[in-house]
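Participant: mmCIF, C-alpha atoms, file protein.cif:
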data_input
#
loop_
_atom_site.group_PDB
_atom_site.id
_atom_site.type_symbol
_atom_site.label_atom_id
_atom_site.label_comp_id
_atom_site.auth_asym_id
_atom_site.auth_seq_id
_atom_site.Cartn_x
_atom_site.Cartn_y
_atom_site.Cartn_z
ATOM 1 C CA MET A 1 2.383 58.305 3.587
ATOM 2 C CA PRO A 2 6.017 59.348 3.386
ATOM 3 C CA LEU A 3 8.025 57.800 0.579
ATOM 4 C CA PRO A 4 11.661 57.930 1.739
ATOM 5 C CA PHE A 5 13.029 56.715 -1.583
ATOM 6 C CA LEU A 6 11.762 59.896 -3.286
ATOM 7 C CA THR A 7 13.824 62.250 -1.180
ATOM 8 C CA ALA A 8 17.525 62.763 -1.097
ATOM 9 C CA ASP A 9 19.129 62.204 2.261
ATOM 10 C CA HIS A 10 21.463 65.104 1.759
ATOM 11 C CA THR A 11 20.455 68.644 0.912
ATOM 12 C CA PHE A 12 23.054 70.507 -1.099
ATOM 13 C CA GLU A 13 23.864 74.022 -0.046
ATOM 14 C CA ALA A 14 26.694 76.310 -1.023
ATOM 15 C CA ALA A 15 28.305 76.331 2.430
ATOM 16 C CA ASP A 16 27.875 72.598 2.960
ATOM 17 C CA ASP A 17 31.079 70.638 2.520
ATOM 18 C CA THR A 18 30.285 67.429 4.410
ATOM 19 C CA ALA A 19 29.708 64.390 2.282
ATOM 20 C CA LEU A 20 28.531 62.083 5.046
ATOM 21 C CA PRO A 21 26.066 64.074 7.167
ATOM 22 C CA HIS A 22 24.355 61.112 8.873
ATOM 23 C CA ASP A 23 25.173 59.208 12.024
ATOM 24 C CA ASP A 24 23.837 55.892 10.717
ATOM 25 C CA HIS A 25 26.196 55.032 7.860
ATOM 26 C CA SER A 26 25.021 51.411 7.675
ATOM 27 C CA ARG A 27 21.630 52.342 6.195
ATOM 28 C CA TRP A 28 21.386 52.327 2.386
ATOM 29 C CA ARG A 29 20.578 55.773 0.974
ATOM 30 C CA ARG A 30 20.417 57.435 -2.390
ATOM 31 C CA PRO A 31 22.654 60.539 -2.348
ATOM 32 C CA TYR A 32 20.510 62.389 -4.903
ATOM 33 C CA ARG A 33 16.874 62.925 -5.794
ATOM 34 C CA PRO A 34 15.240 60.966 -8.587
ATOM 35 C CA GLY A 35 14.882 62.979 -11.761
ATOM 36 C CA PRO A 36 11.631 64.517 -12.960
ATOM 37 C CA LEU A 37 11.387 62.087 -15.888
ATOM 38 C CA ARG A 38 11.588 59.078 -13.572
ATOM 39 C CA VAL A 39 8.999 60.516 -11.200
ATOM 40 C CA GLY A 40 6.721 61.526 -14.095
ATOM 41 C CA VAL A 41 6.787 58.089 -15.696
ATOM 42 C CA ALA A 42 6.112 56.425 -12.338
ATOM 43 C CA ALA A 43 3.207 58.825 -11.724
ATOM 44 C CA LEU A 44 1.697 57.938 -15.092
ATOM 45 C CA TRP A 45 2.026 54.223 -14.311
ATOM 46 C CA LEU A 46 0.325 54.768 -10.944
ATOM 47 C CA LEU A 47 -2.459 56.696 -12.672
ATOM 48 C CA LEU A 48 -2.902 53.783 -15.063
ATOM 49 C CA ALA A 49 -2.982 51.412 -12.089
ATOM 50 C CA SER A 50 -5.776 53.424 -10.484
ATOM 51 C CA TYR A 51 -7.898 53.024 -13.613
ATOM 52 C CA VAL A 52 -7.163 49.317 -13.734
ATOM 53 C CA LEU A 53 -8.082 48.955 -10.048
ATOM 54 C CA PHE A 54 -11.349 50.790 -10.697
ATOM 55 C CA ALA A 55 -12.017 48.406 -13.579
ATOM 56 C CA ALA A 56 -11.323 45.460 -11.270
ATOM 57 C CA VAL A 57 -13.916 46.741 -8.803
ATOM 58 C CA LEU A 58 -16.488 47.214 -11.563
ATOM 59 C CA ILE A 59 -15.807 43.741 -12.940
ATOM 60 C CA ALA A 60 -16.093 42.267 -9.435
ATOM 61 C CA LEU A 61 -19.491 43.941 -8.941
ATOM 62 C CA THR A 62 -20.906 43.009 -12.325
ATOM 63 C CA GLY A 63 -18.945 40.040 -13.632
ATOM 64 C CA SER A 64 -17.080 37.064 -12.382
ATOM 65 C CA PRO A 65 -14.739 37.265 -9.396
ATOM 66 C CA SER A 66 -12.025 35.352 -11.263
ATOM 67 C CA SER A 67 -11.904 38.007 -14.002
ATOM 68 C CA ALA A 68 -11.739 40.714 -11.354
ATOM 69 C CA GLY A 69 -8.876 38.843 -9.685
ATOM 70 C CA VAL A 70 -6.895 38.766 -12.922
ATOM 71 C CA ILE A 71 -7.408 42.501 -13.459
ATOM 72 C CA PHE A 72 -6.485 43.156 -9.818
ATOM 73 C CA VAL A 73 -3.212 41.209 -10.263
ATOM 74 C CA ILE A 74 -2.454 43.269 -13.383
ATOM 75 C CA ALA A 75 -2.987 46.472 -11.369
ATOM 76 C CA LEU A 76 -0.678 45.217 -8.629
ATOM 77 C CA ALA A 77 1.987 44.399 -11.220
ATOM 78 C CA VAL A 78 1.773 47.955 -12.603
ATOM 79 C CA ILE A 79 2.060 49.384 -9.064
ATOM 80 C CA VAL A 80 5.089 47.195 -8.271
ATOM 81 C CA ALA A 81 6.722 48.236 -11.565
ATOM 82 C CA ALA A 82 6.168 51.932 -10.777
ATOM 83 C CA LEU A 83 7.642 51.577 -7.302
ATOM 84 C CA ARG A 84 10.596 49.618 -8.652
ATOM 85 C CA LEU A 85 11.176 52.381 -11.214
ATOM 86 C CA LEU A 86 11.368 54.874 -8.337
ATOM 87 C CA ARG A 87 13.859 52.664 -6.454
ATOM 88 C CA MET A 88 16.256 52.477 -9.403
ATOM 89 C CA GLY A 89 19.550 54.306 -9.038
ATOM 90 C CA VAL A 90 22.735 54.303 -7.004
ATOM 91 C CA TRP A 91 22.569 53.710 -3.255
ATOM 92 C CA VAL A 92 25.480 53.984 -0.822
ATOM 93 C CA SER A 93 26.189 52.870 2.720
ATOM 94 C CA ALA A 94 29.198 52.000 4.830
ATOM 95 C CA ARG A 95 29.101 48.501 3.330
ATOM 96 C CA GLY A 96 29.450 49.518 -0.320
ATOM 97 C CA VAL A 97 27.809 50.981 -3.383
ATOM 98 C CA ARG A 98 24.647 49.422 -4.799
ATOM 99 C CA GLN A 99 23.325 49.928 -8.316
ATOM 100 C CA VAL A 100 19.616 49.131 -8.367
ATOM 101 C CA GLY A 101 18.242 48.347 -11.803
ATOM 102 C CA PHE A 102 14.700 47.443 -12.795
ATOM 103 C CA LEU A 103 15.338 43.701 -12.553
ATOM 104 C CA VAL A 104 18.913 43.367 -11.240
ATOM 105 C CA THR A 105 20.680 44.846 -8.230
ATOM 106 C CA ARG A 106 24.486 44.833 -8.021
ATOM 107 C CA THR A 107 26.379 45.575 -4.823
ATOM 108 C CA VAL A 108 30.123 46.234 -4.679
ATOM 109 C CA PRO A 109 31.744 46.345 -1.224
ATOM 110 C CA TRP A 110 34.081 49.269 -0.637
ATOM 111 C CA ARG A 111 37.027 46.902 -0.086
ATOM 112 C CA ARG A 112 36.752 45.819 -3.758
ATOM 113 C CA VAL A 113 36.604 49.409 -5.066
ATOM 114 C CA VAL A 114 39.952 50.717 -6.270
ATOM 115 C CA GLU A 115 38.778 54.057 -7.617
ATOM 116 C CA MET A 116 35.685 55.999 -8.610
ATOM 117 C CA ARG A 117 35.982 58.642 -11.277
ATOM 118 C CA THR A 118 33.900 60.750 -13.618
ATOM 119 C CA VAL A 119 34.900 60.214 -17.244
ATOM 120 C CA GLN A 120 33.837 61.585 -20.602
ATOM 121 C CA GLN A 121 32.638 58.676 -22.739
ATOM 122 C CA PRO A 122 29.778 57.479 -24.929
ATOM 123 C CA VAL A 123 26.789 56.737 -22.679
ATOM 124 C CA ARG A 124 23.413 55.190 -23.346
ATOM 125 C CA TRP A 125 20.610 57.707 -23.841
ATOM 126 C CA LEU A 126 17.757 56.928 -21.363
ATOM 127 C CA GLY A 127 19.014 53.354 -21.129
ATOM 128 C CA LEU A 128 18.300 52.686 -24.795
ATOM 129 C CA PRO A 129 20.850 51.173 -27.200
ATOM 130 C CA ARG A 130 21.546 54.601 -28.756
ATOM 131 C CA THR A 131 24.715 56.188 -27.365
ATOM 132 C CA VAL A 132 25.631 59.852 -27.094
ATOM 133 C CA GLN A 133 28.684 61.626 -25.756
ATOM 134 C CA GLY A 134 28.334 62.355 -22.053
ATOM 135 C CA GLN A 135 29.816 61.939 -18.620
ATOM 136 C CA ALA A 136 29.656 58.805 -16.512
ATOM 137 C CA LEU A 137 30.609 57.919 -12.968
ATOM 138 C CA THR A 138 32.522 54.661 -13.194
ATOM 139 C CA VAL A 139 33.907 52.355 -10.562
ATOM 140 C CA VAL A 140 37.223 50.554 -10.958
ATOM 141 C CA ARG A 141 37.120 47.242 -9.082
ATOM 142 C CA LYS A 142 39.976 45.014 -7.979
ATOM 143 C CA ASP A 143 38.572 41.969 -9.721
ATOM 144 C CA ARG A 144 37.615 43.530 -13.076
ATOM 145 C CA ALA A 145 39.047 45.806 -15.701
ATOM 146 C CA ALA A 146 37.585 49.319 -15.939
ATOM 147 C CA GLU A 147 36.092 48.575 -19.360
ATOM 148 C CA ASP A 148 34.073 45.610 -18.039
ATOM 149 C CA THR A 149 31.915 47.563 -15.595
ATOM 150 C CA ALA A 150 28.801 49.530 -16.444
ATOM 151 C CA PRO A 151 28.742 53.165 -15.316
ATOM 152 C CA LEU A 152 26.950 53.918 -12.065
ATOM 153 C CA LEU A 153 25.543 57.294 -13.141
ATOM 154 C CA THR A 154 25.396 59.040 -16.506
ATOM 155 C CA THR A 155 24.368 62.483 -17.658
ATOM 156 C CA HIS A 156 21.795 60.954 -20.013
ATOM 157 C CA ASN A 157 19.735 58.663 -17.780
ATOM 158 C CA LEU A 158 16.263 59.308 -16.340
ATOM 159 C CA ASP A 159 17.650 61.078 -13.277
ATOM 160 C CA PHE A 160 20.078 63.515 -14.880
ATOM 161 C CA LEU A 161 18.923 64.206 -18.440
ATOM 162 C CA ALA A 162 19.535 67.959 -19.003
ATOM 163 C CA ARG A 163 20.485 68.358 -15.306
ATOM 164 C CA PHE A 164 24.267 68.567 -15.436
ATOM 165 C CA ALA A 165 24.642 70.337 -12.072
ATOM 166 C CA ALA A 166 22.621 67.594 -10.355
ATOM 167 C CA PHE A 167 24.839 64.955 -11.969
ATOM 168 C CA ASP A 168 27.977 66.730 -10.763
ATOM 169 C CA ARG A 169 26.634 66.943 -7.189
ATOM 170 C CA ALA A 170 25.567 63.290 -7.177
ATOM 171 C CA ALA A 171 28.872 62.081 -8.646
ATOM 172 C CA ASP A 172 30.851 64.167 -6.141
ATOM 173 C CA THR A 173 28.780 62.782 -3.270
ATOM 174 C CA VAL A 174 29.226 59.159 -4.341
ATOM 175 C CA GLU A 175 32.956 59.751 -4.810
ATOM 176 C CA ALA A 176 33.117 61.294 -1.319
ATOM 177 C CA TRP A 177 31.326 58.255 0.128
ATOM 178 C CA ALA A 178 33.865 56.022 -1.611
ATOM 179 C CA ALA A 179 36.826 58.003 -0.296
ATOM 180 C CA GLU A 180 35.446 58.126 3.252
ATOM 181 C CA CYS A 181 34.391 54.480 3.450
ATOM 182 C CA ARG A 182 37.582 53.107 1.864
ATOM 183 C CA ARG A 183 39.623 55.145 4.342
ATOM 184 C CA GLY A 184 37.615 53.898 7.339
#
Translate the structure of the given file into structure tokens.
Facilitator:
Amino acid sequence: MPLPFLTADHTFEAADDTALPHDDHSRWRRPYRPGPLRVGVAALWLLLASYVLFAAVLIALTGSPSSAGVIFVIALAVIVAALRLLRMGVWVSARGVRQVGFLVTRTVPWRRVVEMRTVQQPVRWLGLPRTVQGQALTVVRKDRAAEDTAPLLTTHNLDFLARFAAFDRAADTVEAWAAECRRG
């Protein structure tokens, strides 16, 4: 079963200078691949879910169906959490830029975006309260000050930890989407 949210829609090559290689700009797409830490954590959660599902089958065969149903619901919750973890990130389309979090999704239309820029600033390490010095892709909106918005991408999140070249490519691609869509 293909999982389109695991692949980047744009392969980066040295001679490639197009930022918007697709005909269908209205479809939401992530302009980068999820990082190995994100994929590894989701794989471990799915492995845990397989054990819990196996336990639900054993409980259904030997115990009460209501207990098996509870364990089955727990397994489904773990599977949904793993898939949501894989969906997290920045998505772009002709309509705007979308930041998908674990529980909250924020969408900013391109008409409200004044500027996107990569800045050197303290960023949260793996989303935890601890901050380290790093780079962040920030969006300046018409209705908010630059300090009020959370960064879209950072060099120290699950996708780009110790992958500075991947962060630079992703930030450049999102900035190119912003420039192209604001112009059009």
Participant: Compile the contact shell of Gln121 in chain A as a PyMOL selection string: residues with an atom at most 7 Å away, counting all atoms listed in the file, same-chain residues fewer than 3 positions apart removed.
Facilitator: chain A and resi 133-136
Participant: Based on the selection just made, write C-alpha atoms of those residues as a CSV table (one decimal), keeping the file's coordinate frame.
Facilitator:
chain,number,residue,atom,x,y,z
A,133,GLN,CA,28.7,61.6,-25.8
A,134,GLY,CA,28.3,62.4,-22.1
A,135,GLN,CA,29.8,61.9,-18.6
A,136,ALA,CA,29.7,58.8,-16.5
Participant: Rank nothing, just name the residue among A:Leu128, A:Leu48, A:Leu152, A:Val119 nearest to Thr105 in chain A, using all atoms listed in the file.
Facilitator: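 Smallest distance to Thr105 in chain A is found for A:Leu152.
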Participant: Quick one: pull the distance between CA of Trp177 in chain A and CA of Pro31 in chain A, Å, one decimal.
Facilitator: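 Computing the Euclidean distance for CA of Trp177 in chain A and CA of Pro31 in chain A yields 9.3 Å.
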Participant: Given the PyMOL selection byres ((chain A and resi 76) around 12) and the file above, list the residues it selects as a list in words.
Facilitator: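 So the PyMOL selection byres ((chain A and resi 76) around 12), applied here, picks out Trp45, Leu46, Leu48, Ala49, Ser50, Tyr51, Val52, Leu53, Ala56, Gly69, Val70, Ile71, Phe72, Val73, Ile74, Ala75, Ala77, Val78, Ile79, Val80, Ala81, Ala82 and Leu83 of chain A.
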Participant: Could you please determine the separation between CA of Arg29 in chain A and CA of Val174 in chain A in Å, to one decimal place?
Facilitator: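 Computing the Euclidean distance for CA of Arg29 in chain A and CA of Val174 in chain A yields 10.7 Å.
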Participant: Distance CA of Arg124 in chain A-CA of Arg95 in chain A, one decimal place?
Facilitator: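 A separation of 28.1 Å between them.
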Participant: Show which residues sit within 12 Å of Val113 in chain A, as an mmCIF file with C-alpha atoms, in the frame of the given file. Count only C-alpha atoms, and ignore same-chain residues fewer than 5 positions away.
Facilitator:
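The file below, out-v4.cif, is the result:
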data_model
loop_
_atom_site.group_PDB
_atom_site.id
_atom_site.type_symbol
_atom_site.label_atom_id
_atom_site.label_comp_id
_atom_site.auth_asym_id
_atom_site.auth_seq_id
_atom_site.Cartn_x
_atom_site.Cartn_y
_atom_site.Cartn_z
ATOM 1 C CA ARG A 95 29.101 48.501 3.330
ATOM 2 C CA GLY A 96 29.450 49.518 -0.320
ATOM 3 C CA VAL A 97 27.809 50.981 -3.383
ATOM 4 C CA ARG A 98 24.647 49.422 -4.799
ATOM 5 C CA THR A 107 26.379 45.575 -4.823
ATOM 6 C CA VAL A 108 30.123 46.234 -4.679
ATOM 7 C CA THR A 138 32.522 54.661 -13.194
ATOM 8 C CA VAL A 139 33.907 52.355 -10.562
ATOM 9 C CA VAL A 140 37.223 50.554 -10.958
ATOM 10 C CA ARG A 141 37.120 47.242 -9.082
ATOM 11 C CA LYS A 142 39.976 45.014 -7.979
ATOM 12 C CA ASP A 143 38.572 41.969 -9.721
ATOM 13 C CA ARG A 144 37.615 43.530 -13.076
ATOM 14 C CA ALA A 145 39.047 45.806 -15.701
ATOM 15 C CA ALA A 146 37.585 49.319 -15.939
ATOM 16 C CA THR A 149 31.915 47.563 -15.595
ATOM 17 C CA GLU A 175 32.956 59.751 -4.810
ATOM 18 C CA TRP A 177 31.326 58.255 0.128
ATOM 19 C CA ALA A 178 33.865 56.022 -1.611
ATOM 20 C CA ALA A 179 36.826 58.003 -0.296
ATOM 21 C CA CYS A 181 34.391 54.480 3.450
ATOM 22 C CA ARG A 182 37.582 53.107 1.864
ATOM 23 C CA ARG A 183 39.623 55.145 4.342
#
Participant: Hey, which of A:Thr118, A:Asp159, A:Ser93, A:Thr154 ends up closest to Arg27 in chain A? Count all atoms listed in the file.
Facilitator: A:Ser93
Participant: Which residue, A:His156, A:Arg30, A:Arg84, A:Arg169, has the smallest gap to Gly101 in chain A when you use only C-alpha atoms?
Facilitator: A:Arg84
